Amino acid sequence: MSNSAVNPVRRNARGEPTWLRVLLIATSLGFIGFMLVLPLVSVFVEALAKGLTPYFAAIIDPDALSAIRLTLFVAAIAVPCNLVFGLCAAWAIAKFDFYGKSVLITLIDLPFSVSPVISGLIYVLLFGAHGWLGPTLDHYGIKIIFTTSGLVLATIFVTFPFIARELIPLMQEQGNEEEEAAISLGASGFQTFLRVTLPNVAWGLLYGVLLCNARAMGEFGAVSVVSGHIRGLTNTMPLHVEILYNEYDFVGAFAVASLLALLALVTLVVKSLLEWKFGDRLAAGIKH
Amino acid sequence: MADAASSSRPRLSLRWKQPSVIPGFGITLGFALTYLSLIVLIPLAALLLRPVELGFGGFWAAISAPRVLASLKISFGCALIAAIINAFFGLMVAWVLVRYRFPMKRFVDALVDFPFALPTAVAGIALTGLYAPNGWLGQFLVPLGIKVAFTPLGIIVALTFIGLPFVVRTVQPVLQDLDPEFEDAAASLGATRGQAFLFVVLPSIAPALLTGFALAFARGVGEYGSVIFIAGNMPMVSEVAPLLIVTKLEQYDYAGAAAIAVVMLCASFLILLAVNRLQRRFSRHRERLT
């Protein structure tokens, strides 16, 4: 075949025929529409199905309010704990070279590959009534399972890698030169961290905290196993949604669910803004 | 020399840590290791040790009970089907997002992460509401004989929802970095568009696609929140393994629950390990080619 006969194909080398483009775009949008948009819209429609009054009544219900308070409280402990860990782990891993580093990184990622139910189960096996440490702790009056401590522990576990995983590649990418310069100019280690490292990773840190928080507030499986579902005491928002739903209080369930969906939307918006504005100052890679 | 300290790559050395002028190694690593051990490693080790009290025979009896086997089959089977669906549509969505321009593209791009951000319980009740016999979609599907809610099909729908971002977010960056000149070259050598995709594009993104597939699969196997609402939870038919763990816990059968958990953990590690090896194989193969 002569070259000129091939040439018309070249014109379309990278482009698919228009009909195929349209088909692919339409199929993708249709899939996303049915799988993602429709469920999101349905949460708000179901929540407002009987108007605004039952909606707000479901939200200011004392049990719902205590679930909201508990969710905020658990996240307020779990996120800072993982923040401190993330900073320490990232500092040790990114600023130094030592043997076994890649194993450590793998171990930090471990909680992501553990089923949420198993994340709760491990603490029940340790601290539950028939757990290894449970009876001993019970003897001293310490209860972990079916209390807020259990919720906090399970939440810390499932959100464990978020901040470390964002900070480690980011700090590795930035290298050590600025810190070494600061140290050689007489700054202390903590000053170096506060004035040099922290400003460099601030947006990545915020990004990690954002994702960590969204998961902490929305976690269901792990928390459900350790909670005991005591209304007004150990019921977080996702658990409250389940209880209302199983009692066929659909408006109530979807009303509380709509708050969680709003949280997810706000998280997505802030996350997208961070990616668009400071994309070059965030670590690449997939997020969970 | 200062050079040795500032080089970031470890040289061959008998010391386990390279010297550095930066302080704080001991305290940060010490804290990180302690925290990691207390929160993750020791509890997970306790889980692995728990079935030991059953003995080998007891362990085998616990995991080979028909109800347990059925739940494992449902969890793995549905997760596999959902991951295949996601591999197909996820690749398409990633392709469309990288290669084409269309209105509201940024919005769609951001929306792909929605299943990561949405609490699973909310996803569960929303999907159940949609596919229930009187729901928006259910009212059209049920007369056609397609029952989604409260059947294994519902589990697949929920797992597809949960898994989509894994595939899109692993394939998308690789597709973005793929130089279209290879496709041009293929086309100039006479390949059709389909051949160029099949023999040029697909092999380059295959490791990423496989990784996304495996991540979606592993996530689906362990998924609980979004599934239990839509599944109907009938033992032997639509009861997933994580739910059976919860049921066993509620009956204070700790060792039985731990046995199922150990099987699931081992399976998901094997999946991730296999993916790691496959990926390494792919990258070595490509290095040899170039």
# chains A, B, ... in the order shown; residues from 1 in each chain; ligands from 1
call {"tool": "residues_around", "arguments": {"residues": "Ile108 in chain A", "least_positions_apart": "3", "cutoff": "8 Å", "atoms": "only C-alpha atoms", "output": "JSON, numbers by chain"}}
result
{"A": [104, 105, 111, 160, 161, 164, 165], "B": [36]}
call {"tool": "residues_around", "arguments": {"residues": "Ile74 in chain B", "least_positions_apart": "2", "cutoff": "10 Å", "atoms": "only C-alpha atoms", "output": "PyMOL selection string"}}
result
chain B and resi 68-72+76-80+152+155-156+221+236-241
call {"tool": "closest_residue", "arguments": {"among": "A:Ala222, A:Ala214, A:Leu262, A:Leu206", "to": "Glu223 in chain B", "atoms": "only C-alpha atoms"}}
result
A:Ala222
call {"tool": "closest_atom_pairs", "arguments": {"of": "range 117-203 of chain A", "to": "range 269-284 of chain A", "cutoff": "9 Å", "atoms": "only C-alpha atoms", "output": "Markdown table"}}
result
| residue | atom | partner | partner_atom | distance |
| --- | --- | --- | --- | --- |
| A:Arg165 | CA | A:Ala283 | CA | 8.9 |
| A:Glu166 | CA | A:Ala283 | CA | 6.1 |
| A:Leu167 | CA | A:Ala283 | CA | 7.3 |
| A:Ile168 | CA | A:Ala283 | CA | 8.4 |
| A:Pro169 | CA | A:Ala283 | CA | 5.9 |
| A:Leu170 | CA | A:Ala283 | CA | 4.8 |
| A:Met171 | CA | A:Ala283 | CA | 8.6 |
| A:Glu173 | CA | A:Ala283 | CA | 8.3 |
| A:Asn200 | CA | A:Arg281 | CA | 8.0 |
| A:Val201 | CA | A:Arg281 | CA | 7.3 |
| A:Ala202 | CA | A:Arg281 | CA | 8.7 |
| A:Trp203 | CA | A:Arg281 | CA | 6.7 |
call {"tool": "write_last_selection", "arguments": {"atoms": "N, CA and C atoms", "output": "PDB file, in the first residue's frame"}}
result
ATOM      1  N   ARG A 165       0.149   8.901  54.765  1.00  0.00           N
ATOM      2  CA  ARG A 165       0.266   8.534  53.360  1.00  0.00           C
ATOM      3  C   ARG A 165       0.322   9.759  52.454  1.00  0.00           C
ATOM      4  N   GLU A 166      -0.323  10.851  52.869  1.00  0.00           N
ATOM      5  CA  GLU A 166      -0.258  12.083  52.088  1.00  0.00           C
ATOM      6  C   GLU A 166       1.084  12.786  52.324  1.00  0.00           C
ATOM      7  N   LEU A 167       1.551  12.771  53.589  1.00  0.00           N
ATOM      8  CA  LEU A 167       2.755  13.542  53.933  1.00  0.00           C
ATOM      9  C   LEU A 167       4.052  12.873  53.470  1.00  0.00           C
ATOM     10  N   ILE A 168       4.110  11.525  53.571  1.00  0.00           N
ATOM     11  CA  ILE A 168       5.390  10.851  53.299  1.00  0.00           C
ATOM     12  C   ILE A 168       5.903  11.141  51.876  1.00  0.00           C
ATOM     13  N   PRO A 169       5.102  10.872  50.822  1.00  0.00           N
ATOM     14  CA  PRO A 169       5.635  11.153  49.476  1.00  0.00           C
ATOM     15  C   PRO A 169       5.912  12.634  49.259  1.00  0.00           C
ATOM     16  N   LEU A 170       5.075  13.489  49.863  1.00  0.00           N
ATOM     17  CA  LEU A 170       5.269  14.928  49.696  1.00  0.00           C
ATOM     18  C   LEU A 170       6.597  15.382  50.288  1.00  0.00           C
ATOM     19  N   MET A 171       6.887  14.922  51.505  1.00  0.00           N
ATOM     20  CA  MET A 171       8.131  15.338  52.153  1.00  0.00           C
ATOM     21  C   MET A 171       9.338  14.684  51.489  1.00  0.00           C
ATOM     22  N   GLU A 173       9.551  14.070  48.321  1.00  0.00           N
ATOM     23  CA  GLU A 173       9.730  14.828  47.089  1.00  0.00           C
ATOM     24  C   GLU A 173      10.510  16.120  47.352  1.00  0.00           C
ATOM     25  N   ASN A 200       5.927  24.181  54.102  1.00  0.00           N
ATOM     26  CA  ASN A 200       6.064  23.490  52.817  1.00  0.00           C
ATOM     27  C   ASN A 200       5.006  22.416  52.610  1.00  0.00           C
ATOM     28  N   VAL A 201       4.557  21.819  53.705  1.00  0.00           N
ATOM     29  CA  VAL A 201       3.618  20.706  53.547  1.00  0.00           C
ATOM     30  C   VAL A 201       2.205  21.089  53.984  1.00  0.00           C
ATOM     31  N   ALA A 202       1.979  22.387  54.245  1.00  0.00           N
ATOM     32  CA  ALA A 202       0.707  22.794  54.851  1.00  0.00           C
ATOM     33  C   ALA A 202      -0.506  22.335  54.044  1.00  0.00           C
ATOM     34  N   TRP A 203      -0.465  22.524  52.727  1.00  0.00           N
ATOM     35  CA  TRP A 203      -1.644  22.182  51.929  1.00  0.00           C
ATOM     36  C   TRP A 203      -1.840  20.683  51.860  1.00  0.00           C
TER      37      TRP A 203
END
call {"tool": "residues_around", "arguments": {"residues": "Ile85 in chain B", "least_positions_apart": "6", "cutoff": "12 Å", "atoms": "only C-alpha atoms", "output": "list in words"}}
result
Phe31 and Met35 of chain A; Cys78, Ala79, Leu91, Met92, Ile156, Val157, Ala158, Leu159, Thr160, Phe161, Ile162, Gly163, Leu164, Val167, Gly212, Phe213, Ala216 and Phe217 of chain B
call {"tool": "write_last_selection", "arguments": {"atoms": "C-alpha atoms", "output": "CSV table (one decimal), in the first residue's frame"}}
result
chain,number,residue,atom,x,y,z
A,31,PHE,CA,-23.0,5.3,34.2
A,35,MET,CA,-24.4,5.0,39.9
B,78,CYS,CA,-20.0,-10.5,44.1
B,79,ALA,CA,-16.8,-8.5,44.7
B,91,LEU,CA,-11.4,2.5,32.1
B,92,MET,CA,-14.0,4.1,30.0
B,156,ILE,CA,-23.1,-6.3,43.2
B,157,VAL,CA,-24.6,-2.8,42.6
B,158,ALA,CA,-23.4,-1.6,46.0
B,159,LEU,CA,-19.9,-3.0,45.4
B,160,THR,CA,-19.8,-1.4,42.0
B,161,PHE,CA,-20.7,2.0,43.6
B,162,ILE,CA,-17.9,1.5,46.2
B,163,GLY,CA,-15.2,0.3,43.8
B,164,LEU,CA,-15.5,2.7,40.8
B,167,VAL,CA,-10.1,1.9,39.0
B,212,GLY,CA,-7.3,-0.7,40.2
B,213,PHE,CA,-9.2,-3.9,39.6
B,216,ALA,CA,-11.7,-2.5,44.0
B,217,PHE,CA,-11.9,-6.3,44.5
call {"tool": "select_by_dssp", "arguments": {"residues": "range 114-287 of chain B", "states": "alpha helix (DSSP H)", "output": "JSON, numbers by chain"}}
result
{"B": [114, 115, 116, 117, 120, 121, 122, 123, 124, 125, 126, 127, 128, 129, 130, 131, 138, 139, 140, 141, 152, 153, 154, 155, 156, 157, 158, 159, 160, 161, 162, 163, 164, 165, 166, 167, 168, 169, 170, 171, 172, 173, 174, 175, 176, 177, 181, 182, 183, 184, 185, 186, 187, 188, 193, 194, 195, 196, 202, 203, 204, 205, 206, 207, 208, 209, 210, 211, 212, 213, 214, 215, 216, 217, 218, 219, 220, 221, 222, 225, 226, 227, 228, 229, 230, 231, 241, 242, 243, 244, 245, 246, 247, 248, 249, 250, 254, 255, 256, 257, 258, 259, 260, 261, 262, 263, 264, 265, 266, 267, 268, 269, 270, 271, 272, 273, 274, 275, 276, 277, 278, 279, 280, 281, 282, 283, 284, 285, 286, 287]}
call {"tool": "write_last_selection", "arguments": {"atoms": "C-alpha atoms", "output": "tab-separated table (two decimals), in the first residue's frame"}}
result
chain	number	residue	atom	x	y	z
B	114	PHE	CA	-17.85	10.69	45.69
B	115	PRO	CA	-17.97	7.02	46.80
B	116	PHE	CA	-14.74	7.60	48.76
B	117	ALA	CA	-16.28	10.54	50.57
B	120	THR	CA	-21.06	3.70	53.41
B	121	ALA	CA	-24.26	3.54	55.44
B	122	VAL	CA	-25.63	6.49	53.49
B	123	ALA	CA	-24.71	4.82	50.21
B	124	GLY	CA	-26.41	1.67	51.46
B	125	ILE	CA	-29.77	3.22	52.28
B	126	ALA	CA	-29.72	5.43	49.16
B	127	LEU	CA	-29.10	2.48	46.82
B	128	THR	CA	-31.68	0.37	48.63
B	129	GLY	CA	-34.22	3.16	48.27
B	130	LEU	CA	-33.52	3.42	44.54
B	131	TYR	CA	-33.76	-0.30	43.77
B	138	GLY	CA	-36.96	-0.57	41.16
B	139	GLN	CA	-40.45	0.29	39.93
B	140	PHE	CA	-39.22	-0.11	36.34
B	141	LEU	CA	-36.91	-3.07	36.91
B	152	PRO	CA	-27.10	-10.85	45.35
B	153	LEU	CA	-27.58	-8.47	42.42
B	154	GLY	CA	-28.02	-5.70	44.98
B	155	ILE	CA	-24.69	-6.61	46.56
B	156	ILE	CA	-23.06	-6.27	43.15
B	157	VAL	CA	-24.64	-2.84	42.65
B	158	ALA	CA	-23.40	-1.65	46.04
B	159	LEU	CA	-19.88	-2.98	45.45
B	160	THR	CA	-19.80	-1.38	42.00
B	161	PHE	CA	-20.66	1.95	43.60
B	162	ILE	CA	-17.91	1.53	46.21
B	163	GLY	CA	-15.22	0.35	43.80
B	164	LEU	CA	-15.49	2.72	40.84
B	165	PRO	CA	-13.03	5.39	42.07
B	166	PHE	CA	-10.30	2.81	42.66
B	167	VAL	CA	-10.13	1.92	38.97
B	168	VAL	CA	-10.55	5.47	37.64
B	169	ARG	CA	-7.99	6.97	40.01
B	170	THR	CA	-5.31	4.36	39.26
B	171	VAL	CA	-5.79	4.34	35.48
B	172	GLN	CA	-6.26	8.08	34.98
B	173	PRO	CA	-2.71	9.28	35.84
B	174	VAL	CA	-1.10	6.57	33.72
B	175	LEU	CA	-3.31	7.41	30.79
B	176	GLN	CA	-2.43	11.06	31.26
B	177	ASP	CA	1.29	10.32	31.06
B	181	GLU	CA	3.01	9.66	19.79
B	182	PHE	CA	3.10	5.88	20.18
B	183	GLU	CA	-0.44	5.75	18.90
B	184	ASP	CA	0.52	8.07	16.04
B	185	ALA	CA	3.39	5.77	15.21
B	186	ALA	CA	1.11	2.75	15.25
B	187	ALA	CA	-1.36	4.55	13.01
B	188	SER	CA	1.33	5.65	10.57
B	193	ARG	CA	-7.61	2.88	15.78
B	194	GLY	CA	-8.85	-0.31	17.40
B	195	GLN	CA	-5.51	-2.06	16.87
B	196	ALA	CA	-3.63	0.92	18.27
B	202	LEU	CA	-3.93	-1.33	26.59
B	203	PRO	CA	-0.54	-2.96	27.33
B	204	SER	CA	0.77	0.34	28.74
B	205	ILE	CA	-2.13	0.82	31.11
B	206	ALA	CA	-2.65	-2.87	31.90
B	207	PRO	CA	-0.67	-2.82	35.19
B	208	ALA	CA	-2.61	0.22	36.41
B	209	LEU	CA	-5.90	-1.30	35.31
B	210	LEU	CA	-5.04	-4.52	37.10
B	211	THR	CA	-4.08	-2.64	40.24
B	212	GLY	CA	-7.32	-0.69	40.20
B	213	PHE	CA	-9.22	-3.90	39.62
B	214	ALA	CA	-7.51	-5.60	42.55
B	215	LEU	CA	-8.03	-2.63	44.88
B	216	ALA	CA	-11.72	-2.53	44.00
B	217	PHE	CA	-11.93	-6.30	44.46
B	218	ALA	CA	-10.18	-6.26	47.84
B	219	ARG	CA	-12.35	-3.41	49.03
B	220	GLY	CA	-15.49	-5.19	47.85
B	221	VAL	CA	-14.64	-8.40	49.69
B	222	GLY	CA	-14.53	-6.61	53.02
B	225	GLY	CA	-21.93	-0.74	55.42
B	226	SER	CA	-23.23	-0.26	51.91
B	227	VAL	CA	-24.05	-3.94	51.45
B	228	ILE	CA	-26.10	-4.92	54.49
B	229	PHE	CA	-29.01	-2.62	53.65
B	230	ILE	CA	-29.46	-3.73	50.06
B	231	ALA	CA	-28.50	-7.41	50.44
B	241	ALA	CA	-18.84	-12.72	55.14
B	242	PRO	CA	-18.40	-9.48	57.15
B	243	LEU	CA	-22.02	-9.71	58.26
B	244	LEU	CA	-21.49	-13.29	59.39
B	245	ILE	CA	-18.54	-12.09	61.48
B	246	VAL	CA	-20.83	-9.58	63.17
B	247	THR	CA	-23.47	-12.27	63.74
B	248	LYS	CA	-20.91	-14.61	65.30
B	249	LEU	CA	-19.67	-11.80	67.53
B	250	GLU	CA	-23.18	-11.14	68.73
B	254	TYR	CA	-15.22	-14.96	69.17
B	255	ALA	CA	-13.00	-17.72	67.79
B	256	GLY	CA	-15.44	-18.49	64.97
B	257	ALA	CA	-15.60	-14.81	64.03
B	258	ALA	CA	-11.81	-14.59	64.14
B	259	ALA	CA	-11.49	-17.68	61.91
B	260	ILE	CA	-13.57	-16.06	59.15
B	261	ALA	CA	-11.65	-12.83	59.57
B	262	VAL	CA	-8.32	-14.62	59.23
B	263	VAL	CA	-9.46	-16.27	55.99
B	264	MET	CA	-10.58	-12.91	54.60
B	265	LEU	CA	-7.38	-11.18	55.66
B	266	CYS	CA	-5.20	-13.86	54.09
B	267	ALA	CA	-7.19	-13.73	50.87
B	268	SER	CA	-6.91	-9.96	50.54
B	269	PHE	CA	-3.17	-10.06	51.24
B	270	LEU	CA	-2.72	-12.73	48.60
B	271	ILE	CA	-4.60	-10.56	46.12
B	272	LEU	CA	-2.44	-7.53	46.87
B	273	LEU	CA	0.73	-9.62	46.78
B	274	ALA	CA	-0.21	-11.08	43.41
B	275	VAL	CA	-0.82	-7.60	42.06
B	276	ASN	CA	2.54	-6.41	43.34
B	277	ARG	CA	4.33	-9.27	41.60
B	278	LEU	CA	2.39	-8.84	38.38
B	279	GLN	CA	3.20	-5.15	38.38
B	280	ARG	CA	6.87	-5.81	38.89
B	281	ARG	CA	6.77	-8.34	36.06
B	282	PHE	CA	5.16	-5.78	33.77
B	283	SER	CA	7.63	-3.05	34.58
B	284	ARG	CA	10.61	-5.36	34.12
B	285	HIS	CA	9.19	-6.51	30.81
B	286	ARG	CA	8.85	-2.95	29.64
B	287	GLU	CA	12.32	-2.01	30.76
call {"tool": "closest_residue", "arguments": {"among": "A:Ser102, A:Ile32, A:Gly208, A:Pro80", "to": "Asn86 in chain B", "atoms": "only C-alpha atoms"}}
result
A:Ile32
call {"tool": "closest_residue", "arguments": {"among": "A:Ser184, A:Ser227, A:Thr147, A:Thr197", "to": "chain B", "atoms": "only C-alpha atoms"}}
result
A:Ser184
call {"tool": "closest_residue", "arguments": {"among": "A:Pro62, A:Gly218, A:Gly228, A:Pro199", "to": "chain B", "atoms": "only C-alpha atoms"}}
result
A:Gly218
call {"tool": "closest_residue", "arguments": {"among": "A:Phe250, A:Phe127, A:Phe162, A:Phe220", "to": "chain B", "atoms": "only C-alpha atoms"}}
result
A:Phe220
call {"tool": "residues_around", "arguments": {"residues": "Ala46 in chain B", "least_positions_apart": "6", "cutoff": "8 Å", "atoms": "only C-alpha atoms", "output": "short mmCIF file (atom, residue, chain, number, x, y, z; two decimals) with C-alpha atoms, in the first residue's frame"}}
result
data_model
loop_
_atom_site.label_atom_id
_atom_site.label_comp_id
_atom_site.auth_asym_id
_atom_site.auth_seq_id
_atom_site.Cartn_x
_atom_site.Cartn_y
_atom_site.Cartn_z
CA ILE A 122 -9.66 -6.94 66.54
CA LEU A 125 -11.08 -9.76 70.60
CA LEU A 126 -8.68 -7.81 72.82
#
call {"tool": "residues_around", "arguments": {"residues": "Gly26 in chain B", "least_positions_apart": "5", "cutoff": "10 Å", "atoms": "only C-alpha atoms", "output": "list of chain:residue names"}}
result
A:Ala92, B:Phe31, B:Ala32
call {"tool": "write_last_selection", "arguments": {"atoms": "C-alpha atoms", "output": "CSV table (one decimal), in the first residue's frame"}}
result
chain,number,residue,atom,x,y,z
A,92,ALA,CA,11.3,9.8,60.3
B,31,PHE,CA,6.7,7.4,68.6
B,32,ALA,CA,5.6,6.2,65.1
call {"tool": "residues_around", "arguments": {"residues": "range 234-238 of chain A", "least_positions_apart": "3", "cutoff": "8 Å", "atoms": "only C-alpha atoms", "output": "list in words"}}
result
Ala64, Ser66, Ala67, Ile68, Leu70, Thr71, Phe146, Thr147, Thr148, Leu151, Met217, Gly218, Glu219, Phe220, Ser227, Gly228, His229, Ile230, Arg231, Val241, Glu242, Val256, Ala257 and Leu260 of chain A; Pro119, Ala121 and Val122 of chain B
call {"tool": "residues_around", "arguments": {"residues": "Val22 in chain A", "least_positions_apart": "5", "cutoff": "10 Å", "atoms": "only C-alpha atoms", "output": "NGL selection string"}}
result
(:A and (16-17 or 27-28)) or (:B and (96 or 100 or 102))
call {"tool": "write_last_selection", "arguments": {"atoms": "N, CA and C atoms", "output": "short mmCIF file (atom, residue, chain, number, x, y, z; two decimals), in the first residue's frame"}}
result
data_model
loop_
_atom_site.label_atom_id
_atom_site.label_comp_id
_atom_site.auth_asym_id
_atom_site.auth_seq_id
_atom_site.Cartn_x
_atom_site.Cartn_y
_atom_site.Cartn_z
N GLU A 16 -10.87 9.28 17.83
CA GLU A 16 -11.83 8.28 17.44
C GLU A 16 -12.86 8.98 16.57
N PRO A 17 -13.60 8.21 15.74
CA PRO A 17 -14.69 8.83 15.00
C PRO A 17 -15.69 9.49 15.95
N THR A 27 -22.02 7.09 27.43
CA THR A 27 -22.06 5.91 28.31
C THR A 27 -21.44 6.22 29.66
N SER A 28 -20.29 6.90 29.64
CA SER A 28 -19.63 7.24 30.91
C SER A 28 -20.53 8.12 31.76
N VAL B 96 -12.35 8.83 28.89
CA VAL B 96 -13.15 10.00 28.51
C VAL B 96 -12.64 11.25 29.23
N TYR B 100 -11.02 13.36 26.11
CA TYR B 100 -12.05 14.16 25.44
C TYR B 100 -12.36 15.42 26.23
N PHE B 102 -15.61 17.85 27.20
CA PHE B 102 -17.07 17.94 27.20
C PHE B 102 -17.49 18.85 28.35
#
